[in-house]
Amino acid sequence: IAEKTMQQHETVLIRQHFAAAMIKIKSGFLRHQKSELLQLEQNLTFNQLLKPGNYLPNILDALVNSILAKKTIVIAYLKLNETRPESRTIEPVGIYFHHFYWYVMAYCHLRQDYRIFRLDRIQKITLLDKGFTRKHPPLAELRAKASLSNTTSITIAVQHQFAHFLFAEKQLYGFTNEKLEGDEVHMFFECNHHPVTFARWLLKFVDIARVIEPKAVQEEVIRILNAGIRNNGLVS
């Protein structure tokens, strides 16, 4: 974990010295230690530091120990819009950072499939002495499959003169490419967020952008707008 963290250090000289020190340390490892380290490196993706106040203090230790020892974990997980956490027994595969949040990819015993859990929604975590029930694919492979199976193709049209307003955030919603069509820029997305999340993001630009397809996202934007008008007493 220290190595993954130091790889993000802003000072090049410090990164280089730390990398050199790690090479020396690793050269003294036993064969099984090198194997464990390689496994861990393949299942950790660090490009942002955890903020301690948002996560359980022992959460990384528990997850890393689970991955290395191949031991199952029980978590109390609070799903979005729920008030009570539910218990899940999981087999962690890897940890990664994506769109401002930390996640663990794990095999869920309840769903009997791979699921993604956000670390800040884990209320309690317990490492069990029970071993994994199966051999798991690498984290990168599972993430690639999840990305392909959970994306929605969305096309929007934005007034050309205002298209730059979307520049800072469009990459977060699966932006792939764009083309100029008259006085509009057509933008194409492979969005791995829920379509409602995309619709709510687009509402910030509703005066300069519109959804071309799919119809479901068009309708969701209109539904949210109408609900907002009613909620704020703008219609009798």
# chains A, B, ... in the order shown; residues from 1 in each chain; ligands from 1
>>> select_by_dssp(residues="segment 49-162 of chain A", states="alpha helix (DSSP H)", output="VMD selection string")
chain A and resid 59 to 69 139 to 149
>>> write_last_selection(atoms="N, CA, C and O atoms", output="mmCIF file, in the first residue's frame")
data_model
loop_
_atom_site.group_PDB
_atom_site.id
_atom_site.type_symbol
_atom_site.label_atom_id
_atom_site.label_comp_id
_atom_site.auth_asym_id
_atom_site.auth_seq_id
_atom_site.Cartn_x
_atom_site.Cartn_y
_atom_site.Cartn_z
ATOM 1 N N ILE A 59 -10.418 -0.810 7.470
ATOM 2 C CA ILE A 59 -11.023 -1.415 6.283
ATOM 3 C C ILE A 59 -9.984 -1.898 5.278
ATOM 4 O O ILE A 59 -10.109 -2.988 4.709
ATOM 5 N N LEU A 60 -8.926 -1.128 5.058
ATOM 6 C CA LEU A 60 -7.906 -1.559 4.105
ATOM 7 C C LEU A 60 -7.153 -2.774 4.604
ATOM 8 O O LEU A 60 -6.877 -3.704 3.845
ATOM 9 N N ASP A 61 -6.805 -2.786 5.899
ATOM 10 C CA ASP A 61 -6.108 -3.941 6.471
ATOM 11 C C ASP A 61 -6.933 -5.212 6.288
ATOM 12 O O ASP A 61 -6.418 -6.257 5.896
ATOM 13 N N ALA A 62 -8.229 -5.110 6.585
ATOM 14 C CA ALA A 62 -9.103 -6.282 6.483
ATOM 15 C C ALA A 62 -9.203 -6.773 5.048
ATOM 16 O O ALA A 62 -9.111 -7.982 4.778
ATOM 17 N N LEU A 63 -9.371 -5.854 4.106
ATOM 18 C CA LEU A 63 -9.515 -6.246 2.706
ATOM 19 C C LEU A 63 -8.219 -6.821 2.137
ATOM 20 O O LEU A 63 -8.237 -7.840 1.431
ATOM 21 N N VAL A 64 -7.090 -6.184 2.450
ATOM 22 C CA VAL A 64 -5.802 -6.679 1.956
ATOM 23 C C VAL A 64 -5.503 -8.054 2.546
ATOM 24 O O VAL A 64 -5.065 -8.972 1.835
ATOM 25 N N ASN A 65 -5.740 -8.230 3.849
ATOM 26 C CA ASN A 65 -5.511 -9.533 4.479
ATOM 27 C C ASN A 65 -6.414 -10.608 3.882
ATOM 28 O O ASN A 65 -6.001 -11.752 3.704
ATOM 29 N N SER A 66 -7.638 -10.223 3.555
ATOM 30 C CA SER A 66 -8.570 -11.160 2.943
ATOM 31 C C SER A 66 -8.074 -11.611 1.576
ATOM 32 O O SER A 66 -8.100 -12.798 1.246
ATOM 33 N N ILE A 67 -7.610 -10.654 0.776
ATOM 34 C CA ILE A 67 -7.126 -10.973 -0.571
ATOM 35 C C ILE A 67 -5.899 -11.875 -0.510
ATOM 36 O O ILE A 67 -5.782 -12.856 -1.252
ATOM 37 N N LEU A 68 -4.968 -11.562 0.391
ATOM 38 C CA LEU A 68 -3.731 -12.342 0.485
ATOM 39 C C LEU A 68 -3.962 -13.735 1.062
ATOM 40 O O LEU A 68 -3.424 -14.723 0.571
ATOM 41 N N ALA A 69 -4.782 -13.799 2.127
ATOM 42 C CA ALA A 69 -5.011 -15.079 2.803
ATOM 43 C C ALA A 69 -6.144 -15.878 2.166
ATOM 44 O O ALA A 69 -6.367 -17.028 2.533
ATOM 45 N N LEU A 139 -8.591 -8.549 -11.052
ATOM 46 C CA LEU A 139 -9.453 -7.380 -10.923
ATOM 47 C C LEU A 139 -9.694 -6.698 -12.272
ATOM 48 O O LEU A 139 -10.830 -6.335 -12.595
ATOM 49 N N ALA A 140 -8.637 -6.518 -13.064
ATOM 50 C CA ALA A 140 -8.773 -5.822 -14.348
ATOM 51 C C ALA A 140 -9.762 -6.538 -15.265
ATOM 52 O O ALA A 140 -10.554 -5.902 -15.969
ATOM 53 N N GLU A 141 -9.735 -7.857 -15.254
ATOM 54 C CA GLU A 141 -10.652 -8.633 -16.098
ATOM 55 C C GLU A 141 -12.098 -8.447 -15.653
ATOM 56 O O GLU A 141 -13.002 -8.257 -16.482
ATOM 57 N N LEU A 142 -12.327 -8.476 -14.355
ATOM 58 C CA LEU A 142 -13.689 -8.310 -13.838
ATOM 59 C C LEU A 142 -14.208 -6.899 -14.098
ATOM 60 O O LEU A 142 -15.374 -6.708 -14.446
ATOM 61 N N ARG A 143 -13.339 -5.909 -13.950
ATOM 62 C CA ARG A 143 -13.753 -4.531 -14.203
ATOM 63 C C ARG A 143 -14.095 -4.322 -15.674
ATOM 64 O O ARG A 143 -15.049 -3.603 -16.003
ATOM 65 N N ALA A 144 -13.328 -4.937 -16.552
ATOM 66 C CA ALA A 144 -13.601 -4.813 -17.988
ATOM 67 C C ALA A 144 -14.954 -5.421 -18.332
ATOM 68 O O ALA A 144 -15.738 -4.847 -19.093
ATOM 69 N N LYS A 145 -15.249 -6.597 -17.760
ATOM 70 C CA LYS A 145 -16.538 -7.244 -18.010
ATOM 71 C C LYS A 145 -17.683 -6.403 -17.463
ATOM 72 O O LYS A 145 -18.726 -6.251 -18.108
ATOM 73 N N ALA A 146 -17.487 -5.863 -16.251
ATOM 74 C CA ALA A 146 -18.538 -5.044 -15.635
ATOM 75 C C ALA A 146 -18.798 -3.793 -16.455
ATOM 76 O O ALA A 146 -19.946 -3.370 -16.642
ATOM 77 N N SER A 147 -17.738 -3.210 -16.990
ATOM 78 C CA SER A 147 -17.880 -1.996 -17.794
ATOM 79 C C SER A 147 -18.662 -2.262 -19.073
ATOM 80 O O SER A 147 -19.537 -1.496 -19.468
ATOM 81 N N LEU A 148 -18.373 -3.394 -19.714
ATOM 82 C CA LEU A 148 -19.051 -3.728 -20.969
ATOM 83 C C LEU A 148 -20.514 -4.080 -20.755
ATOM 84 O O LEU A 148 -21.368 -3.766 -21.579
ATOM 85 N N SER A 149 -20.812 -4.748 -19.642
ATOM 86 C CA SER A 149 -22.174 -5.247 -19.422
ATOM 87 C C SER A 149 -23.098 -4.212 -18.793
ATOM 88 O O SER A 149 -24.312 -4.370 -18.824
#
>>> select_by_dssp(residues="segment 64-99 of chain A", states="strand (DSSP E or B)", output="list in words")
Lys71, Thr72, Ile73, Val74, Ile75, Ala76, Tyr77, Glu86, Ser87, Arg88, Thr89, Ile90, Glu91, Pro92, Val93, Gly94, Ile95, Tyr96, Phe97 and His98 of chain A
>>> residues_around(residues="Val206 of chain A", least_positions_apart="2", cutoff="12 Å", atoms="only C-alpha atoms", output="NGL selection string")
:A and (156-159 or 162 or 165-166 or 199-204 or 208-211 or 218 or 221-222 or 224-225)
>>> residues_around(residues="segment 106-123 of chain A", least_positions_apart="2", cutoff="6 Å", atoms="only C-alpha atoms", output="list in words")
Asn54, Tyr55, Ala76, Tyr77, Leu78, Thr89, Ile90, Glu91, Pro92, Val93, Trp102, Tyr103 and Val104 of chain A
>>> closest_residue(among="A:Tyr173, A:Phe198, A:Phe97, A:Phe132", to="Ile73 of chain A", atoms="only C-alpha atoms")
A:Phe132
>>> atom_distance(atom1="atom CA of Asn81 of chain A", atom2="atom CA of Asn58 of chain A")
25.0 Å
>>> atom_distance(atom1="atom CA of His194 of chain A", atom2="atom CA of Val217 of chain A")
10.1 Å
>>> closest_residue(among="A:Asn232, A:Gln171, A:Gln161, A:Thr155", to="Phe188 of chain A", atoms="only C-alpha atoms")
A:Thr155
>>> closest_residue(among="A:Pro85, A:Pro57, A:Gly228, A:Pro214", to="Glu190 of chain A", atoms="only C-alpha atoms")
A:Pro214
>>> atom_distance(atom1="atom CA of His160 of chain A", atom2="atom CA of Ile229 of chain A")
27.6 Å
>>> residues_around(residues="Val74 of chain A", least_positions_apart="3", cutoff="9 Å", atoms="only C-alpha atoms", output="ChimeraX atom specification")
/A:87-91,124-128
